[in-house]
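Q: This structure is in structure tokens; I'll ask about it shortly.
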Amino acid sequence: MTGHLLIFAEPEQKMKQHSFELVNPIPLPLSQLAPVPELFTRHSPIHGQPHVSRVIIHTFILTKALGLEDYALKAWAAAYIHDLGRVDDGVSPEHGLYAVGKVQDNPELKTLFEGCGVKEKDWTEIFFAVTHHCLEEVPLDHPCRTLTALLKDADGLDRVRLGGLDPSFLRFPLSVSLIPYAWRLFRNTRDLAKPGQDYFEILWPVARQLLQKET
Ligand SMILES: [Fe+2]
Ligand SMILES: [Fe+2]
């Protein structure tokens with residue numbers, strides 16, 4: 001235990017001061033926005049498709065709320081990829097690097113992202129964010145800081161699934177305001193559907209409804 005205060009019961013707290021929106025910034029149907037279970041190295045109830053789907057949802061909300069719409073495409077790609085290479089559910093500083101390797105070895109996956117507008121020059125930043133999402137903090141003046149911070153915060157918000165989330169681990173104040181929504185999203189959708197091709201499509205309207213309910 002680190003000595004940080006863990007928050008175990010947030011769902012009744014209302015989001016304040018900001019009106020959040022959930023819109024799809026990616027030119028793909030909903031069913032293609034999250035990786036299917038077969039793309040993961042290992043099936044995991046903790047780090048599999050439902051987790052990654054919620055991280056993608058948080059990424060969309062955060063990029064819009066922060067006025068970082070220019071990052072939405074890269075942030076989606078990074079969120080989509082970030083846990084594909086996990087080989088176990090424990091502490092694993094190298095699993096971001098494994099995920100990068102999976103994309104580099106999968107031309108179809110690269111084509112999916114590039115078909116949505118990801119450019120060759122974007123891969124450096126996306127791969128950096130994915131590699132570092134499970135490593136130490138990136139300096140504020142690092143050129144890949146913003147994308148990495150977006151991924152770390154969106155991923156961090158879904159730590160509610162583990163029973164607790166330390167707000168001081170989040171980087172953007174708006175991410176802290178999203179904690180009640182993260183709880184609500186997880187608790188209201190954990191038994192919604194089985195992972196599969198249509199998982200994100202089923203999750204999406206519920207995620208939107210829960211956000212409206214909060215604001
Ligand atoms: Fe991860
Ligand atoms: Fe993750």
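Each chain in the structure tokens gets a letter, A, B and so on, in the order shown; residues start at 1 in every chain, and ligands are counted from 1 in the order they appear.
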Show me, as CSV, the residues of chain A having an atom within 10 Å of ligand 2, each with the closest atom pair and its distance in Å, using only C-alpha atoms and all ligand atoms.
A:
```
residue,atom,partner,partner_atom_place_in_ligand_line,distance
A:Ile46,CA,ligand 2,1 (Fe),8.6
A:His47,CA,ligand 2,1 (Fe),5.9
A:Gly48,CA,ligand 2,1 (Fe),8.3
A:Gln49,CA,ligand 2,1 (Fe),9.8
A:His51,CA,ligand 2,1 (Fe),6.7
A:Val52,CA,ligand 2,1 (Fe),6.2
A:Ser53,CA,ligand 2,1 (Fe),9.7
A:Arg54,CA,ligand 2,1 (Fe),9.4
A:Val55,CA,ligand 2,1 (Fe),7.1
A:Ile56,CA,ligand 2,1 (Fe),10.0
A:Ala79,CA,ligand 2,1 (Fe),7.8
A:Tyr80,CA,ligand 2,1 (Fe),9.4
A:Ile81,CA,ligand 2,1 (Fe),9.3
A:His82,CA,ligand 2,1 (Fe),6.3
A:Asp83,CA,ligand 2,1 (Fe),5.4
A:Leu84,CA,ligand 2,1 (Fe),9.0
A:Arg86,CA,ligand 2,1 (Fe),9.4
A:His95,CA,ligand 2,1 (Fe),9.9
A:Gly96,CA,ligand 2,1 (Fe),9.4
A:Val130,CA,ligand 2,1 (Fe),9.7
A:His133,CA,ligand 2,1 (Fe),8.2
A:Cys134,CA,ligand 2,1 (Fe),8.5
A:Leu151,CA,ligand 2,1 (Fe),8.8
A:Lys152,CA,ligand 2,1 (Fe),8.4
A:Ala154,CA,ligand 2,1 (Fe),8.5
A:Asp155,CA,ligand 2,1 (Fe),5.0
A:Gly156,CA,ligand 2,1 (Fe),7.6
A:Leu157,CA,ligand 2,1 (Fe),9.6
A:Asp158,CA,ligand 2,1 (Fe),7.7
A:Arg159,CA,ligand 2,1 (Fe),8.6
```
Q: For the residues selected in the previous step, produce a file with C-alpha atoms as a tab-separated table (two decimals), in the first residue's frame.
A:
```tsv
chain	number	residue	atom	x	y	z
A	46	ILE	CA	-9.65	-7.85	-16.02
A	47	HIS	CA	-7.77	-6.52	-19.04
A	48	GLY	CA	-9.84	-7.81	-21.95
A	49	GLN	CA	-12.35	-6.29	-24.37
A	51	HIS	CA	-11.93	-2.98	-20.03
A	52	VAL	CA	-10.47	-1.69	-23.29
A	53	SER	CA	-13.97	-0.64	-24.44
A	54	ARG	CA	-14.44	1.45	-21.30
A	55	VAL	CA	-10.99	2.98	-21.74
A	56	ILE	CA	-11.96	3.96	-25.30
A	79	ALA	CA	-6.43	2.86	-26.17
A	80	TYR	CA	-7.43	0.13	-28.65
A	81	ILE	CA	-3.91	-1.29	-28.68
A	82	HIS	CA	-2.67	-0.76	-25.12
A	83	ASP	CA	-3.51	-4.13	-23.48
A	84	LEU	CA	-3.50	-6.45	-26.51
A	86	ARG	CA	-0.69	-8.79	-21.89
A	95	HIS	CA	3.08	-5.38	-21.74
A	96	GLY	CA	2.83	-2.05	-23.56
A	130	VAL	CA	1.27	2.44	-25.51
A	133	HIS	CA	1.17	3.51	-20.27
A	134	CYS	CA	2.52	0.94	-17.82
A	151	LEU	CA	-4.08	7.11	-22.24
A	152	LYS	CA	-2.85	6.82	-18.66
A	154	ALA	CA	-8.43	6.92	-19.45
A	155	ASP	CA	-6.88	3.61	-18.40
A	156	GLY	CA	-6.58	4.80	-14.80
A	157	LEU	CA	-10.28	5.70	-14.64
A	158	ASP	CA	-11.15	2.05	-15.22
A	159	ARG	CA	-9.20	1.07	-12.11
```
Q: So which residues touch Gly85 in chain A within 10 Å, counting only C-alpha atoms, skipping near sequence neighbours fewer than 2 positions away, as a ChimeraX atom specification?
A: /A:39-42,81-83,87-88,94-103
Q: Let me make sure I understand: among A:Gln209, A:Val91, A:Thr124, A:Ser19, which one has the smallest atom-to-atom distance to Gln104 in chain A if we use only C-alpha atoms?
A: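 Ranked by minimum distance to Gln104 in chain A, first place goes to A:Thr124.
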Q: When distances are computed from only C-alpha atoms and all ligand atoms, which of A:Thr148, A:Thr131, A:Gln32, A:Thr63 shows the smallest separation from ligand 1?
A: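 The shortest atom-to-atom distance to ligand 1 comes from A:Thr131.
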Q: Could you give me, as a list in words, the residues within 9 Å of Ala149 in chain A, counting only C-alpha atoms and dropping anything in the same chain fewer than 3 positions from it?
A: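 Close residues of Ala149 in chain A: Ala129, His133, Glu137, Val138, Cys144, Arg145, Thr146, Lys152, Asp153, Ala154, Leu170, Arg171 and Phe172 of chain A.
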Q: Excluding Arg190 in chain A and any residue of its chain fewer than 5 positions from it, enumerate the residues within 12 Å of it, using only C-alpha atoms, and give them as a list in words.
A: Pro45, Ile46, Gln49, Pro50, His51, Ser53, Arg54, Asp158, Val160, Arg161, Ala182, Trp183, Arg184, Leu185, Pro195, Tyr199, Ile202, Leu203, Val206 and Ala207 of chain A
Q: Identify, with DSSP run on backbone atoms, the residues in range 28-215 of chain A assigned to alpha helix (DSSP H), and express the list as a tab-separated table (two decimals) with C-alpha atoms, in the first residue's frame.
A:
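Result went into out.tsv, see below:
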```
chain	number	residue	atom	x	y	z
A	49	GLN	CA	-12.35	-6.29	-24.37
A	50	PRO	CA	-14.78	-4.82	-21.79
A	51	HIS	CA	-11.93	-2.98	-20.03
A	52	VAL	CA	-10.47	-1.69	-23.29
A	53	SER	CA	-13.97	-0.64	-24.44
A	54	ARG	CA	-14.44	1.45	-21.30
A	55	VAL	CA	-10.99	2.98	-21.74
A	56	ILE	CA	-11.96	3.96	-25.30
A	57	ILE	CA	-15.17	5.55	-23.95
A	58	HIS	CA	-13.17	7.54	-21.38
A	59	THR	CA	-10.71	8.56	-24.09
A	60	PHE	CA	-13.49	9.96	-26.30
A	61	ILE	CA	-15.02	11.89	-23.38
A	62	LEU	CA	-11.69	13.26	-22.19
A	63	THR	CA	-10.35	14.41	-25.56
A	64	LYS	CA	-13.58	16.32	-26.19
A	65	ALA	CA	-13.83	17.80	-22.69
A	72	ALA	CA	-8.88	11.82	-30.58
A	73	LEU	CA	-7.75	9.54	-33.41
A	74	LYS	CA	-4.33	8.82	-31.93
A	75	ALA	CA	-5.81	8.41	-28.44
A	76	TRP	CA	-8.37	5.93	-29.75
A	77	ALA	CA	-5.62	3.93	-31.52
A	78	ALA	CA	-3.49	3.92	-28.36
A	79	ALA	CA	-6.43	2.86	-26.17
A	80	TYR	CA	-7.43	0.13	-28.65
A	81	ILE	CA	-3.91	-1.29	-28.68
A	95	HIS	CA	3.08	-5.38	-21.74
A	96	GLY	CA	2.83	-2.05	-23.56
A	97	LEU	CA	5.88	-3.01	-25.57
A	98	TYR	CA	4.32	-6.41	-26.32
A	99	ALA	CA	1.22	-4.62	-27.63
A	100	VAL	CA	3.33	-2.47	-29.95
A	101	GLY	CA	4.94	-5.64	-31.29
A	102	LYS	CA	1.54	-7.13	-32.02
A	103	VAL	CA	0.57	-4.14	-34.16
A	104	GLN	CA	3.91	-4.12	-35.95
A	107	PRO	CA	-0.53	-5.37	-41.18
A	108	GLU	CA	-4.35	-5.68	-41.07
A	109	LEU	CA	-4.43	-3.85	-37.77
A	110	LYS	CA	-2.20	-1.05	-39.07
A	111	THR	CA	-4.42	-0.79	-42.12
A	112	LEU	CA	-7.49	-0.42	-39.90
A	113	PHE	CA	-5.99	2.59	-38.13
A	114	GLU	CA	-4.47	4.12	-41.24
A	115	GLY	CA	-7.81	3.79	-43.01
A	122	ASP	CA	1.70	9.32	-35.83
A	123	TRP	CA	2.95	5.84	-35.03
A	124	THR	CA	5.96	7.13	-33.07
A	125	GLU	CA	3.66	8.97	-30.66
A	126	ILE	CA	1.07	6.16	-30.48
A	127	PHE	CA	3.70	3.50	-29.85
A	128	PHE	CA	5.38	5.68	-27.23
A	129	ALA	CA	2.09	6.16	-25.36
A	130	VAL	CA	1.27	2.44	-25.51
A	131	THR	CA	4.78	1.45	-24.37
A	132	HIS	CA	4.75	3.96	-21.51
A	145	ARG	CA	3.40	13.67	-22.92
A	146	THR	CA	-0.15	14.71	-23.89
A	147	LEU	CA	-1.08	11.47	-25.66
A	148	THR	CA	0.54	9.36	-22.96
A	149	ALA	CA	-1.26	11.30	-20.22
A	150	LEU	CA	-4.58	10.87	-22.02
A	151	LEU	CA	-4.08	7.11	-22.24
A	152	LYS	CA	-2.85	6.82	-18.66
A	153	ASP	CA	-5.84	8.77	-17.34
A	154	ALA	CA	-8.43	6.92	-19.45
A	155	ASP	CA	-6.88	3.61	-18.40
A	156	GLY	CA	-6.58	4.80	-14.80
A	157	LEU	CA	-10.28	5.70	-14.64
A	173	PRO	CA	-8.40	17.70	-13.24
A	174	LEU	CA	-11.21	16.82	-15.65
A	175	SER	CA	-10.26	13.16	-15.30
A	176	VAL	CA	-10.90	13.44	-11.57
A	177	SER	CA	-14.36	14.86	-12.36
A	179	ILE	CA	-14.46	9.30	-11.54
A	180	PRO	CA	-18.16	9.06	-10.58
A	181	TYR	CA	-18.98	8.26	-14.21
A	182	ALA	CA	-16.25	5.62	-14.33
A	183	TRP	CA	-17.84	3.91	-11.36
A	184	ARG	CA	-21.30	4.14	-12.84
A	185	LEU	CA	-20.16	2.86	-16.24
A	186	PHE	CA	-18.41	-0.14	-14.74
A	187	ARG	CA	-21.13	-1.08	-12.28
A	188	ASN	CA	-23.97	-0.71	-14.77
A	189	THR	CA	-22.35	-2.57	-17.66
A	199	TYR	CA	-19.76	-5.77	-27.49
A	200	PHE	CA	-18.90	-2.11	-28.08
A	201	GLU	CA	-22.08	-1.53	-30.06
A	202	ILE	CA	-24.12	-2.82	-27.11
A	203	LEU	CA	-22.09	-0.83	-24.60
A	204	TRP	CA	-22.28	2.48	-26.47
A	205	PRO	CA	-25.91	3.57	-25.94
A	206	VAL	CA	-25.75	2.58	-22.27
A	207	ALA	CA	-22.53	4.55	-21.83
A	208	ARG	CA	-24.16	7.60	-23.41
A	209	GLN	CA	-27.28	7.28	-21.31
A	210	LEU	CA	-25.26	6.99	-18.10
A	211	LEU	CA	-23.32	10.13	-19.01
A	212	GLN	CA	-26.48	12.14	-19.62
A	213	LYS	CA	-27.84	10.92	-16.34
A	214	GLU	CA	-24.79	12.26	-14.56
```
Q: Using only C-alpha atoms and all ligand atoms, which of the listed residues (A:Glu69, A:Asp191, A:Glu38, A:Asp89) sits closest to ligand 1?
A: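 Selected residue with least distance to ligand 1: A:Asp89.
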Q: Rank A:Leu68, A:Val23, A:Leu30, A:Leu135 by their smallest atom-to-atom distance to ligand 1, using only C-alpha atoms and all ligand atoms, and report the top residue only.
A: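 The shortest atom-to-atom distance to ligand 1 comes from A:Leu135.
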Q: Measuring atom to atom with only C-alpha atoms and all ligand atoms, identify which of A:Leu162, A:Gly196, A:Pro93, A:Val118 is nearest to ligand 1.
A: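 Between A:Leu162, A:Gly196, A:Pro93, A:Val118, the residue approaching ligand 1 most closely is A:Pro93.
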Q: With distances taken over only C-alpha atoms and all ligand atoms, which of A:Leu140, A:Ser44, A:Leu178, A:Lys119 is nearest to ligand 1?
A: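 Using only C-alpha atoms and all ligand atoms, the shortest distance to ligand 1 belongs to A:Ser44.
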Q: Quick one, how far is CA of Pro25 in chain A from CA of Leu66 in chain A?
A: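 Computing it gives 14.2 Å between the two atoms.
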